[in-house]
Amino acid sequence: MEKPWNTVTIDNWNDFEKKVEKLTYRKWVFRGQSDSSWGIKSSLYRLFENFQLLFKEYKGRKRKFAKDKHERLLIEKFQASAHHFIDHLPDQEDLLEWCAIMQHYGAPTRLIDVTFSPFIALYFALESGHKDCSVFAIKPQHFTSIDKEVIETDDYSKFIFKPGFGSGNEAFFIPYEPKRTNPRLMVQQGLFLVPSTNYQTLDKIISLYEDCESACIQFIIPARLRYEGVRLLRRMNITASVLFPGIEGFCKSLRYQVVDTIDQLKRMGEDS
């Protein structure tokens, strides 16, 4: 199936660097995915998808979910208990800020992680798997300028959770930088893309826009470049121990200790 955005297959890492250098910093955002065949889905969308499959296995038929109602209940459940764990909380009605906190701690939300750095996105593309992977480059301003003509306001955020708005061909998305950041977001140069509906994937929403090929590029990273890419990022000090401050990142970084061990054994002339 032909994709409505630009798809570029990378030949080598110099090729990747030259291509992303042309994309103006902070005007483009990036997302790495470990399988190039995947669409761009929020953790909440994947949760509903998984439960629909579980229900089909259990009952032998599909079940429709009132996704927006389930989402609101998840947020309310988090709001009711968050004060036990977190000292400074946002206003009750600031749902985007609540979702940003939920996302940080691993709860399913409609927020989709992206970064201003193509190489940090590349880390997330390469961190697991062995198939062709990809880095999406998206220029949010292109899409918000189109939305402005339709929605007639600069503050799209108030429409994100509006019941019934953003379904079908009206679906849109916004970039969102939380008012209260955290060390992980700061180090990862992170922000979010927020779809207006829980019923469509972000790549499907992107395809609804005119001229989306000029503002969305999927860089395909062939599997043969993976190992060299991991070594490249380690030389750039883009590792789990840097991107995830604390012991969590240190433990994640041990997954790639084997890369360092192979090089060390080679230097010692031993069998790696």
# chains A, B, ... in the order shown; residues from 1 in each chain; ligands from 1
call {"tool": "residues_around", "arguments": {"residues": "Glu177 in chain A", "least_positions_apart": "2", "cutoff": "7 Å", "atoms": "only C-alpha atoms", "output": "ChimeraX atom specification"}}
result
/A:175,179,191-192
call {"tool": "select_by_dssp", "arguments": {"residues": "range 110-181 of chain A", "states": "helix (DSSP H, G or I)", "output": "VMD selection string"}}
result
chain A and resid 118 to 126 140 to 151 157 to 160 168 to 170
call {"tool": "closest_residue", "arguments": {"among": "A:Trp28, A:Phe85, A:Phe48, A:Tyr199", "to": "Thr115 in chain A", "atoms": "only C-alpha atoms"}}
result
A:Trp28
call {"tool": "closest_residue", "arguments": {"among": "A:Tyr209, A:Ala82, A:Leu111, A:Leu254", "to": "Val150 in chain A", "atoms": "only C-alpha atoms"}}
result
A:Tyr209
call {"tool": "residues_around", "arguments": {"residues": "His130 in chain A", "least_positions_apart": "5", "cutoff": "10 Å", "atoms": "only C-alpha atoms", "output": "PyMOL selection string"}}
result
chain A and resi 34-35+222-224+226-227
call {"tool": "write_last_selection", "arguments": {"atoms": "all heavy atoms", "output": "PDB file, in the first residue's frame"}}
result
ATOM      1  N   SER A  34      10.598   0.762  16.144  1.00  0.00           N
ATOM      2  CA  SER A  34      11.502  -0.355  15.906  1.00  0.00           C
ATOM      3  C   SER A  34      11.060  -1.281  14.781  1.00  0.00           C
ATOM      4  O   SER A  34      11.789  -2.212  14.432  1.00  0.00           O
ATOM      5  CB  SER A  34      11.704  -1.164  17.196  1.00  0.00           C
ATOM      6  OG  SER A  34      10.473  -1.647  17.674  1.00  0.00           O
ATOM      7  N   ASP A  35       9.904  -1.020  14.188  1.00  0.00           N
ATOM      8  CA  ASP A  35       9.439  -1.792  13.035  1.00  0.00           C
ATOM      9  C   ASP A  35       8.858  -0.808  12.032  1.00  0.00           C
ATOM     10  O   ASP A  35       7.916  -0.070  12.347  1.00  0.00           O
ATOM     11  CB  ASP A  35       8.381  -2.818  13.468  1.00  0.00           C
ATOM     12  CG  ASP A  35       8.024  -3.796  12.365  1.00  0.00           C
ATOM     13  OD1 ASP A  35       7.959  -3.387  11.187  1.00  0.00           O
ATOM     14  OD2 ASP A  35       7.779  -4.982  12.673  1.00  0.00           O
ATOM     15  N   PRO A 222      17.241   0.237   7.062  1.00  0.00           N
ATOM     16  CA  PRO A 222      17.352  -1.204   6.801  1.00  0.00           C
ATOM     17  C   PRO A 222      17.985  -1.947   7.983  1.00  0.00           C
ATOM     18  O   PRO A 222      18.840  -1.403   8.696  1.00  0.00           O
ATOM     19  CB  PRO A 222      18.263  -1.276   5.567  1.00  0.00           C
ATOM     20  CG  PRO A 222      18.142   0.078   4.922  1.00  0.00           C
ATOM     21  CD  PRO A 222      17.953   1.038   6.055  1.00  0.00           C
ATOM     22  N   ALA A 223      17.572  -3.179   8.169  1.00  0.00           N
ATOM     23  CA  ALA A 223      18.074  -3.980   9.294  1.00  0.00           C
ATOM     24  C   ALA A 223      19.595  -4.103   9.282  1.00  0.00           C
ATOM     25  O   ALA A 223      20.229  -4.160  10.340  1.00  0.00           O
ATOM     26  CB  ALA A 223      17.426  -5.366   9.265  1.00  0.00           C
ATOM     27  N   ARG A 224      20.196  -4.103   8.087  1.00  0.00           N
ATOM     28  CA  ARG A 224      21.651  -4.264   7.990  1.00  0.00           C
ATOM     29  C   ARG A 224      22.413  -3.096   8.621  1.00  0.00           C
ATOM     30  O   ARG A 224      23.603  -3.218   8.928  1.00  0.00           O
ATOM     31  CB  ARG A 224      22.071  -4.422   6.519  1.00  0.00           C
ATOM     32  CG  ARG A 224      21.764  -3.213   5.662  1.00  0.00           C
ATOM     33  CD  ARG A 224      22.197  -3.403   4.213  1.00  0.00           C
ATOM     34  NE  ARG A 224      21.771  -2.288   3.388  1.00  0.00           N
ATOM     35  CZ  ARG A 224      22.410  -1.125   3.308  1.00  0.00           C
ATOM     36  NH1 ARG A 224      23.530  -0.936   4.018  1.00  0.00           N
ATOM     37  NH2 ARG A 224      21.963  -0.156   2.529  1.00  0.00           N
ATOM     38  N   ARG A 226      21.472  -1.598  11.500  1.00  0.00           N
ATOM     39  CA  ARG A 226      21.137  -1.502  12.926  1.00  0.00           C
ATOM     40  C   ARG A 226      22.371  -1.533  13.831  1.00  0.00           C
ATOM     41  O   ARG A 226      22.540  -0.666  14.690  1.00  0.00           O
ATOM     42  CB  ARG A 226      20.184  -2.634  13.329  1.00  0.00           C
ATOM     43  CG  ARG A 226      18.714  -2.334  13.112  1.00  0.00           C
ATOM     44  CD  ARG A 226      17.877  -3.494  13.637  1.00  0.00           C
ATOM     45  NE  ARG A 226      16.462  -3.166  13.675  1.00  0.00           N
ATOM     46  CZ  ARG A 226      15.845  -2.636  14.724  1.00  0.00           C
ATOM     47  NH1 ARG A 226      16.549  -2.339  15.814  1.00  0.00           N
ATOM     48  NH2 ARG A 226      14.558  -2.363  14.692  1.00  0.00           N
ATOM     49  N   TYR A 227      23.195  -2.559  13.667  1.00  0.00           N
ATOM     50  CA  TYR A 227      24.335  -2.713  14.576  1.00  0.00           C
ATOM     51  C   TYR A 227      25.267  -1.503  14.501  1.00  0.00           C
ATOM     52  O   TYR A 227      25.691  -0.962  15.531  1.00  0.00           O
ATOM     53  CB  TYR A 227      25.103  -3.994  14.246  1.00  0.00           C
ATOM     54  CG  TYR A 227      26.266  -4.259  15.186  1.00  0.00           C
ATOM     55  CD1 TYR A 227      26.044  -4.703  16.481  1.00  0.00           C
ATOM     56  CD2 TYR A 227      27.580  -4.046  14.781  1.00  0.00           C
ATOM     57  CE1 TYR A 227      27.106  -4.939  17.350  1.00  0.00           C
ATOM     58  CE2 TYR A 227      28.642  -4.272  15.637  1.00  0.00           C
ATOM     59  CZ  TYR A 227      28.395  -4.717  16.912  1.00  0.00           C
ATOM     60  OH  TYR A 227      29.444  -4.945  17.779  1.00  0.00           O
TER      61      TYR A 227
END
call {"tool": "closest_residue", "arguments": {"among": "A:Ile138, A:Ile238, A:Ala107, A:Leu95", "to": "Leu23 in chain A", "atoms": "only C-alpha atoms"}}
result
A:Ile138
call {"tool": "closest_residue", "arguments": {"among": "A:Glu17, A:Asp211, A:Asp87, A:Asp203", "to": "Phe173 in chain A", "atoms": "only C-alpha atoms"}}
result
A:Asp203
call {"tool": "residues_around", "arguments": {"residues": "Glu71 in chain A", "least_positions_apart": "4", "cutoff": "9 Å", "atoms": "only C-alpha atoms", "output": "PyMOL selection string"}}
result
chain A and resi 44+66-67+75-76+108-110+198
call {"tool": "write_last_selection", "arguments": {"atoms": "C-alpha atoms", "output": "mmCIF file, in the first residue's frame"}}
result
data_model
loop_
_atom_site.group_PDB
_atom_site.id
_atom_site.type_symbol
_atom_site.label_atom_id
_atom_site.label_comp_id
_atom_site.auth_asym_id
_atom_site.auth_seq_id
_atom_site.Cartn_x
_atom_site.Cartn_y
_atom_site.Cartn_z
ATOM 1 C CA LEU A 44 -4.128 4.158 24.790
ATOM 2 C CA ALA A 66 -16.686 3.641 24.171
ATOM 3 C CA LYS A 67 -13.083 4.759 24.066
ATOM 4 C CA ILE A 75 -7.916 10.074 33.966
ATOM 5 C CA GLU A 76 -10.390 10.402 36.843
ATOM 6 C CA PRO A 108 -1.859 4.625 28.819
ATOM 7 C CA THR A 109 -2.835 7.982 27.280
ATOM 8 C CA ARG A 110 -3.571 9.436 23.860
ATOM 9 C CA ASN A 198 -9.049 7.787 20.055
#
call {"tool": "residues_around", "arguments": {"residues": "Arg184 in chain A", "least_positions_apart": "6", "cutoff": "12 Å", "atoms": "only C-alpha atoms", "output": "list of chain:residue names"}}
result
A:Ile101, A:Gln103, A:His104, A:Tyr105, A:Asp113, A:Thr115, A:Gly190, A:Leu191, A:Ala240, A:Ser241, A:Val242, A:Leu243, A:Phe244, A:Pro245, A:Gly246, A:Glu248, A:Gly249
call {"tool": "write_last_selection", "arguments": {"atoms": "N, CA, C and O atoms", "output": "short mmCIF file (atom, residue, chain, number, x, y, z; two decimals), in the first residue's frame"}}
result
data_model
loop_
_atom_site.label_atom_id
_atom_site.label_comp_id
_atom_site.auth_asym_id
_atom_site.auth_seq_id
_atom_site.Cartn_x
_atom_site.Cartn_y
_atom_site.Cartn_z
N ILE A 101 1.54 13.86 32.84
CA ILE A 101 2.03 13.22 34.06
C ILE A 101 1.79 11.71 33.99
O ILE A 101 2.66 10.89 34.31
N GLN A 103 1.51 9.86 31.35
CA GLN A 103 2.43 9.31 30.35
C GLN A 103 3.82 9.09 30.94
O GLN A 103 4.46 8.06 30.71
N HIS A 104 4.26 10.04 31.72
CA HIS A 104 5.59 9.96 32.33
C HIS A 104 5.72 8.73 33.22
O HIS A 104 6.78 8.08 33.25
N TYR A 105 4.64 8.40 33.93
CA TYR A 105 4.70 7.28 34.86
C TYR A 105 4.20 5.96 34.26
O TYR A 105 4.08 4.96 34.96
N ASP A 113 4.74 10.26 22.19
CA ASP A 113 6.07 10.83 22.44
C ASP A 113 6.80 11.15 21.14
O ASP A 113 6.89 10.28 20.25
N THR A 115 10.36 13.87 19.74
CA THR A 115 11.52 14.63 20.20
C THR A 115 11.96 15.60 19.12
O THR A 115 11.68 15.39 17.93
N GLY A 190 11.99 16.23 24.66
CA GLY A 190 10.71 15.62 24.34
C GLY A 190 9.52 16.56 24.38
O GLY A 190 9.53 17.59 25.06
N LEU A 191 8.50 16.17 23.65
CA LEU A 191 7.19 16.80 23.66
C LEU A 191 6.22 15.75 23.17
O LEU A 191 6.57 14.58 22.99
N ALA A 240 20.82 4.76 26.97
CA ALA A 240 19.73 4.71 27.95
C ALA A 240 20.12 5.38 29.26
O ALA A 240 19.30 6.05 29.90
N SER A 241 21.38 5.25 29.67
CA SER A 241 21.80 5.83 30.95
C SER A 241 21.76 7.36 30.90
O SER A 241 21.64 8.01 31.94
N VAL A 242 21.86 7.93 29.70
CA VAL A 242 21.75 9.39 29.55
C VAL A 242 20.29 9.81 29.39
O VAL A 242 19.83 10.78 30.00
N LEU A 243 19.52 9.07 28.59
CA LEU A 243 18.15 9.46 28.26
C LEU A 243 17.16 9.17 29.38
O LEU A 243 16.09 9.77 29.43
N PHE A 244 17.51 8.23 30.26
CA PHE A 244 16.64 7.89 31.39
C PHE A 244 17.44 8.09 32.67
O PHE A 244 18.08 7.15 33.16
N PRO A 245 17.43 9.31 33.20
CA PRO A 245 18.25 9.59 34.39
C PRO A 245 17.90 8.67 35.56
O PRO A 245 16.75 8.36 35.80
N GLY A 246 18.94 8.22 36.26
CA GLY A 246 18.73 7.36 37.42
C GLY A 246 19.04 5.91 37.13
O GLY A 246 19.53 5.53 36.07
N GLU A 248 17.12 3.44 36.56
CA GLU A 248 16.35 2.84 35.46
C GLU A 248 17.15 2.90 34.16
O GLU A 248 17.26 1.91 33.42
N GLY A 249 17.72 4.08 33.88
CA GLY A 249 18.50 4.23 32.66
C GLY A 249 19.76 3.39 32.68
O GLY A 249 20.16 2.81 31.67
#
call {"tool": "select_by_dssp", "arguments": {"residues": "range 45-135 of chain A", "states": "strand (DSSP E or B)", "output": "VMD selection string"}}
result
chain A and resid 112 to 115 133 to 135
call {"tool": "write_last_selection", "arguments": {"atoms": "C-alpha atoms", "output": "compact mmCIF listing (two decimals), in the first residue's frame"}}
result
# COMPACT_ATOMS: atom_id res chain seq x y z
CA ILE A 112 2.41 10.27 21.51
CA ASP A 113 6.07 10.83 22.44
CA VAL A 114 8.23 12.74 19.96
CA THR A 115 11.52 14.63 20.20
CA CYS A 133 12.95 0.25 11.57
CA SER A 134 12.01 3.86 10.92
CA VAL A 135 12.24 7.45 12.09
call {"tool": "residues_around", "arguments": {"residues": "Arg63 in chain A", "least_positions_apart": "2", "cutoff": "12 Å", "atoms": "only C-alpha atoms", "output": "ChimeraX atom specification"}}
result
/A:48-61,65-67
call {"tool": "write_last_selection", "arguments": {"atoms": "N, CA, C and O atoms", "output": "PDB file, in the first residue's frame"}}
result
ATOM      1  N   PHE A  48      -6.633  -0.344  23.785  1.00  0.00           N
ATOM      2  CA  PHE A  48      -7.962  -0.711  23.291  1.00  0.00           C
ATOM      3  C   PHE A  48      -7.867  -1.810  22.232  1.00  0.00           C
ATOM      4  O   PHE A  48      -8.666  -2.737  22.212  1.00  0.00           O
ATOM      5  N   GLU A  49      -6.875  -1.694  21.360  1.00  0.00           N
ATOM      6  CA  GLU A  49      -6.668  -2.680  20.304  1.00  0.00           C
ATOM      7  C   GLU A  49      -6.428  -4.054  20.912  1.00  0.00           C
ATOM      8  O   GLU A  49      -6.988  -5.062  20.461  1.00  0.00           O
ATOM      9  N   ASN A  50      -5.604  -4.107  21.952  1.00  0.00           N
ATOM     10  CA  ASN A  50      -5.274  -5.369  22.603  1.00  0.00           C
ATOM     11  C   ASN A  50      -6.500  -5.977  23.279  1.00  0.00           C
ATOM     12  O   ASN A  50      -6.753  -7.189  23.176  1.00  0.00           O
ATOM     13  N   PHE A  51      -7.297  -5.134  23.964  1.00  0.00           N
ATOM     14  CA  PHE A  51      -8.479  -5.658  24.654  1.00  0.00           C
ATOM     15  C   PHE A  51      -9.537  -6.134  23.668  1.00  0.00           C
ATOM     16  O   PHE A  51     -10.288  -7.082  23.956  1.00  0.00           O
ATOM     17  N   GLN A  52      -9.613  -5.485  22.512  1.00  0.00           N
ATOM     18  CA  GLN A  52     -10.550  -5.960  21.494  1.00  0.00           C
ATOM     19  C   GLN A  52     -10.166  -7.351  21.007  1.00  0.00           C
ATOM     20  O   GLN A  52     -11.030  -8.206  20.785  1.00  0.00           O
ATOM     21  N   LEU A  53      -8.853  -7.601  20.861  1.00  0.00           N
ATOM     22  CA  LEU A  53      -8.391  -8.929  20.456  1.00  0.00           C
ATOM     23  C   LEU A  53      -8.644  -9.958  21.562  1.00  0.00           C
ATOM     24  O   LEU A  53      -9.049 -11.093  21.287  1.00  0.00           O
ATOM     25  N   LEU A  54      -8.399  -9.565  22.825  1.00  0.00           N
ATOM     26  CA  LEU A  54      -8.652 -10.466  23.940  1.00  0.00           C
ATOM     27  C   LEU A  54     -10.129 -10.840  24.021  1.00  0.00           C
ATOM     28  O   LEU A  54     -10.487 -12.002  24.248  1.00  0.00           O
ATOM     29  N   PHE A  55     -10.987  -9.850  23.817  1.00  0.00           N
ATOM     30  CA  PHE A  55     -12.427 -10.099  23.894  1.00  0.00           C
ATOM     31  C   PHE A  55     -12.867 -11.014  22.747  1.00  0.00           C
ATOM     32  O   PHE A  55     -13.712 -11.896  22.926  1.00  0.00           O
ATOM     33  N   LYS A  56     -12.269 -10.807  21.567  1.00  0.00           N
ATOM     34  CA  LYS A  56     -12.612 -11.649  20.422  1.00  0.00           C
ATOM     35  C   LYS A  56     -12.225 -13.096  20.685  1.00  0.00           C
ATOM     36  O   LYS A  56     -12.968 -14.036  20.339  1.00  0.00           O
ATOM     37  N   GLU A  57     -11.048 -13.312  21.310  1.00  0.00           N
ATOM     38  CA  GLU A  57     -10.632 -14.670  21.657  1.00  0.00           C
ATOM     39  C   GLU A  57     -11.564 -15.280  22.700  1.00  0.00           C
ATOM     40  O   GLU A  57     -11.843 -16.479  22.683  1.00  0.00           O
ATOM     41  N   TYR A  58     -12.061 -14.439  23.605  1.00  0.00           N
ATOM     42  CA  TYR A  58     -12.913 -14.916  24.705  1.00  0.00           C
ATOM     43  C   TYR A  58     -14.339 -15.189  24.240  1.00  0.00           C
ATOM     44  O   TYR A  58     -14.932 -16.221  24.557  1.00  0.00           O
ATOM     45  N   LYS A  59     -14.904 -14.264  23.463  1.00  0.00           N
ATOM     46  CA  LYS A  59     -16.311 -14.356  23.064  1.00  0.00           C
ATOM     47  C   LYS A  59     -16.506 -14.811  21.616  1.00  0.00           C
ATOM     48  O   LYS A  59     -17.626 -15.123  21.212  1.00  0.00           O
ATOM     49  N   GLY A  60     -15.420 -14.792  20.841  1.00  0.00           N
ATOM     50  CA  GLY A  60     -15.556 -15.183  19.446  1.00  0.00           C
ATOM     51  C   GLY A  60     -16.118 -14.103  18.555  1.00  0.00           C
ATOM     52  O   GLY A  60     -16.517 -14.367  17.421  1.00  0.00           O
ATOM     53  N   ARG A  61     -16.175 -12.893  19.044  1.00  0.00           N
ATOM     54  CA  ARG A  61     -16.688 -11.763  18.254  1.00  0.00           C
ATOM     55  C   ARG A  61     -16.023 -10.479  18.734  1.00  0.00           C
ATOM     56  O   ARG A  61     -15.482 -10.409  19.833  1.00  0.00           O
ATOM     57  N   PHE A  65     -15.629  -0.474  21.916  1.00  0.00           N
ATOM     58  CA  PHE A  65     -15.378   0.209  23.180  1.00  0.00           C
ATOM     59  C   PHE A  65     -15.801   1.670  23.056  1.00  0.00           C
ATOM     60  O   PHE A  65     -15.527   2.312  22.035  1.00  0.00           O
ATOM     61  N   ALA A  66     -16.427   2.192  24.082  1.00  0.00           N
ATOM     62  CA  ALA A  66     -16.686   3.641  24.171  1.00  0.00           C
ATOM     63  C   ALA A  66     -15.380   4.270  24.646  1.00  0.00           C
ATOM     64  O   ALA A  66     -15.202   4.572  25.827  1.00  0.00           O
ATOM     65  N   LYS A  67     -14.466   4.446  23.715  1.00  0.00           N
ATOM     66  CA  LYS A  67     -13.083   4.759  24.066  1.00  0.00           C
ATOM     67  C   LYS A  67     -12.950   6.060  24.841  1.00  0.00           C
ATOM     68  O   LYS A  67     -12.163   6.160  25.781  1.00  0.00           O
TER      69      LYS A  67
END
